[in-house]
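For reference, the structure is listed below as structure tokens.
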Amino acid sequence: MDVARLVELNAAYARAIDNEKYEDWPGFFLESCLYKLTTAENMAKGLEAGLIYADSRAMLQDRISALRKANIYERQRYRHIVGLPTVLARTDNTVEVETPFLIVRIMRDGATNVFATGCYRDKVRGNGDGTLHFAERIVICDSSRFDTLVAIPF
Amino acid sequence: MDVARLVELNAAYARAIDNEKYEDWPGFFLESCLYKLTTAENMAKGLEAGLIYADSRAMLQDRISALRKANIYERQRYRHIVGLPTVLARTDNTVEVETPFLIVRIMRDGATNVFATGCYRDKVRGNGDGTLHFAERIVICDSSRFDTLVAIPF
Amino acid sequence: MDVARLVELNAAYARAIDNEKYEDWPGFFLESCLYKLTTAENMAKGLEAGLIYADSRAMLQDRISALRKANIYERQRYRHIVGLPTVLARTDNTVEVETPFLIVRIMRDGATNVFATGCYRDKVRGNGDGTLHFAERIVICDSSRFDTLVAIPF
């Protein structure tokens with residue numbers, strides 16, 4: 001699993017979200033997985049709990065259903081700029097990797113601002129046919145204050 | 001034509017613009033090409049017309065001449081941060097690829113803001129000697145509202 | 001020294017700074033090196049002097065000691081998004097390369113803004129065992145106005 005493959009995975013993940021193909025999002029994870037959204041401050045304090053937590057693909061699908069019903073996402077667009085991955089560890093078929101991100105939010109009136117920055121701390125697993133999935137994606141946001149609506153996938 | 005080559009092409013394209021070497025810009029395109037600037041909203045509505053449209057390298061050169069005469073660009077600087085490409089399709093010597101971008105504008109008084117975000121939807125063609133050119137570059141901006149001056153190349 | 005290695009170097013460099021492992025920063029440079037922070041305007045005017053200048057790893061270490069004593073950095077976090085490198089020249093074991101960057105600053109109250117943009121103009125040297133170091137890193141900021149605190153490494 002070389003870096004080019006990780007880059008491809010991150011590009012496809014960001015593209016699905018920015019193109020609002022939210023239903024594709026759970027498919028980037030293993031059936032049994034960990035998705036957590038937390039803050040750098042919480043991580044520094046050793047606080048385990050995240051703002052958002054899911055440990056299965058089904059839970060991720062539930063989030064998307066709720067998001068679609070709320071319809072709130074239609075008021076704005078998002079744009080991910082994903083940086084370059086740093087590989088932290090490798091085992092047989094799993095890679096631990098950290099990747100910075102920047103998410104820009106574009107409001108309907110055109111106002112365009114930095115919505116969030118942070119890094120993904122991932123465990124990426126390859127299966128037999130070469131497909132990559134997230135066994136874990138921990139989203140560590142730099143800011144501890146959030147727009148109350150943290151509904152879209154990061 | 002591997003992803004590394006596409007990355008190189010995007011880096012050189014952005015660098016030419018950010019270094020204000022606008023005269024180099026048309027050279028990234030084939031003689032007969034398509035350059036269009038449009039918005040995600042227009043795309044979603046199926047509106048074909050773009051805010052800016054050119055179908056030859058000569059038209060791109062004309063844009064630069066006009067820009068140089070107007071001299072407006074001197075009041076600010078731009079910085080492109082180009083994300084990771086996702087290859088959508090491949091044929092013989094052409095690759096269809098989508099790549100996110102972020103453009104920051106730096107005003108003379110130092111104010112630095114996100115100017116535009118969006119994605120490039122490209123058809124990139126390789127010729128015999130391995131050089132890559134854009135057969136098509138459709139710039140799809142996330143925001144539908146623009147600073148009236150959309151003069152620099154995106 | 002292929003582009004993938006340069007990308008790796010830049011990712012590790014940015015990660016060290018954003019994770020506030022400032023003591024790791026001098027280690028990215030050769031013992032005898034050049035680190036300069038300047039502006040695009042100064043470069044255009046041919047002004048050699050930079051806002052910050054260091055020509056040895058020891059000087060870089062001094063900067064970090066001063067930064068740690070001042071403790072000012074604790075009030076905010078930074079996030080680098082490093083773009084794609086363009087190789088400008090290659091000699092035996094040195095590569096000249098230009099790479100755009102964007103630095104976002106996250107204040108303690110959550111305010112998140114573009115802090116700086118620009119490009120790195122680097123001379124990267126590989127030694128016998130394949131490790132890469134900066135022989136030169138000239139940080140050229142797009143904006144000529146700075147927050148008076150330009151203390152963290154760029």
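Labeling convention for the structure tokens: chains A, B, ... as they appear, residues from 1 per chain, ligands from 1 in order of appearance.
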
Could you name the residues that touch A:Ala44 at 12 Å or less, counting only C-alpha atoms, but leaving out those on the same chain fewer than 4 positions away, as a PDB file with N, CA and C atoms, in the first residue's frame?
ATOM      1  N   THR A  38     -13.178  14.746  16.940  1.00  0.00           N
ATOM      2  CA  THR A  38     -12.775  15.301  18.220  1.00  0.00           C
ATOM      3  C   THR A  38     -11.938  16.565  17.981  1.00  0.00           C
ATOM      4  N   THR A  39     -11.388  17.113  19.038  1.00  0.00           N
ATOM      5  CA  THR A  39     -10.593  18.340  18.894  1.00  0.00           C
ATOM      6  C   THR A  39      -9.186  18.110  19.426  1.00  0.00           C
ATOM      7  N   ALA A  40      -8.273  18.930  18.941  1.00  0.00           N
ATOM      8  CA  ALA A  40      -6.883  18.834  19.396  1.00  0.00           C
ATOM      9  C   ALA A  40      -6.813  19.048  20.908  1.00  0.00           C
ATOM     10  N   GLU A  48     -11.226  10.864  25.852  1.00  0.00           N
ATOM     11  CA  GLU A  48     -11.486   9.864  24.823  1.00  0.00           C
ATOM     12  C   GLU A  48     -12.734  10.184  23.995  1.00  0.00           C
ATOM     13  N   ILE A 140      -9.403  15.070  13.904  1.00  0.00           N
ATOM     14  CA  ILE A 140      -8.974  15.933  15.010  1.00  0.00           C
ATOM     15  C   ILE A 140      -9.004  17.373  14.531  1.00  0.00           C
ATOM     16  N   CYS A 141     -10.001  18.113  15.002  1.00  0.00           N
ATOM     17  CA  CYS A 141     -10.149  19.500  14.558  1.00  0.00           C
ATOM     18  C   CYS A 141      -9.262  20.416  15.389  1.00  0.00           C
ATOM     19  N   ASP A 142      -8.664  21.396  14.730  1.00  0.00           N
ATOM     20  CA  ASP A 142      -7.783  22.328  15.426  1.00  0.00           C
ATOM     21  C   ASP A 142      -8.559  23.239  16.361  1.00  0.00           C
ATOM     22  N   SER A 144     -11.641  24.319  18.879  1.00  0.00           N
ATOM     23  CA  SER A 144     -12.515  23.644  19.835  1.00  0.00           C
ATOM     24  C   SER A 144     -13.918  24.208  19.786  1.00  0.00           C
TER      25      SER A 144
ATOM     26  N   ASN C  19       2.055  20.181  14.929  1.00  0.00           N
ATOM     27  CA  ASN C  19       1.936  19.438  16.188  1.00  0.00           C
ATOM     28  C   ASN C  19       2.786  20.074  17.295  1.00  0.00           C
ATOM     29  N   GLU C  20       3.320  21.237  17.012  1.00  0.00           N
ATOM     30  CA  GLU C  20       4.098  22.028  17.974  1.00  0.00           C
ATOM     31  C   GLU C  20       5.345  21.305  18.483  1.00  0.00           C
TER      32      GLU C  20
END

Polymer residues at most 12 Å from stretch 122-138 of chain A, only C-alpha atoms, same-chain spacing of 5 or more positions, as a PyMOL selection string: chain A and resi 1-10+12-13+25-40+43+48-57+85-100+153-154

Per residue of chain C within 8 Å of chain B, note the shortest atom pair and the distance in Å to one decimal, counting only C-alpha atoms, and order the rows by chain and increasing residue number, as CSV.
residue,atom,partner,partner_atom,distance
C:Val82,CA,B:Ile81,CA,7.8
C:Gly83,CA,B:Ile81,CA,5.6
C:Leu84,CA,B:Ala11,CA,5.6
C:Pro85,CA,B:Ala11,CA,6.6
C:Thr86,CA,B:Ala11,CA,6.1
C:Pro100,CA,B:Ile81,CA,7.0
C:Phe101,CA,B:Ile81,CA,7.3
C:Leu102,CA,B:Ile81,CA,7.5
C:Asn113,CA,B:Asn113,CA,8.0
C:Val114,CA,B:Thr112,CA,6.4
C:Phe115,CA,B:Thr112,CA,7.6
C:Ala116,CA,B:Thr112,CA,7.5
C:Thr117,CA,B:Arg79,CA,6.9
C:Gly118,CA,B:Arg79,CA,7.0
C:Asp142,CA,B:Ile106,CA,6.8
C:Ser143,CA,B:Gly110,CA,5.2
C:Ser144,CA,B:Gly110,CA,6.3
C:Arg145,CA,B:Gly110,CA,5.1
C:Phe146,CA,B:Gly110,CA,7.5

Same residues, C-alpha atoms, output as an mmCIF file, in the first residue's frame:
data_model
loop_
_atom_site.group_PDB
_atom_site.id
_atom_site.type_symbol
_atom_site.label_atom_id
_atom_site.label_comp_id
_atom_site.auth_asym_id
_atom_site.auth_seq_id
_atom_site.Cartn_x
_atom_site.Cartn_y
_atom_site.Cartn_z
ATOM 1 C CA VAL C 82 1.430 22.413 1.524
ATOM 2 C CA GLY C 83 0.828 22.236 -2.202
ATOM 3 C CA LEU C 84 2.530 20.345 -4.968
ATOM 4 C CA PRO C 85 6.243 20.859 -5.645
ATOM 5 C CA THR C 86 7.660 22.029 -8.966
ATOM 6 C CA PRO C 100 3.263 26.717 -2.503
ATOM 7 C CA PHE C 101 1.900 26.818 1.028
ATOM 8 C CA LEU C 102 -1.056 28.114 2.980
ATOM 9 C CA ASN C 113 -8.282 32.597 9.288
ATOM 10 C CA VAL C 114 -5.715 32.450 6.551
ATOM 11 C CA PHE C 115 -2.531 33.546 8.314
ATOM 12 C CA ALA C 116 -0.088 33.446 5.416
ATOM 13 C CA THR C 117 0.376 32.153 1.898
ATOM 14 C CA GLY C 118 3.422 31.967 -0.277
ATOM 15 C CA ASP C 142 2.699 36.750 -0.636
ATOM 16 C CA SER C 143 1.662 39.449 1.779
ATOM 17 C CA SER C 144 4.037 42.203 2.841
ATOM 18 C CA ARG C 145 2.160 42.921 6.034
ATOM 19 C CA PHE C 146 2.540 40.641 8.930
#

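Residues within 10 Å of stretch 66-71 of chain A, counting only C-alpha atoms and excluding same-chain residues fewer than 6 positions away, are Tyr22, Glu23, Ala151, Ile152 and Pro153 of chain A.
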
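Taking only stretch 60-98 of chain A, the residues that DSSP calls alpha helix (DSSP H) from the backbone come to Leu60, Gln61, Asp62, Arg63, Ile64, Ser65, Ala66, Leu67, Arg68, Lys69 and Ala70 of chain A.
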
Step one, run DSSP on the backbone; step two, keep only residues of chain A assigned to strand (DSSP E); then write them as a PyMOL selection string. chain A and resi 29-39+52-56+76-82+86-90+94-107+112-126+132-141
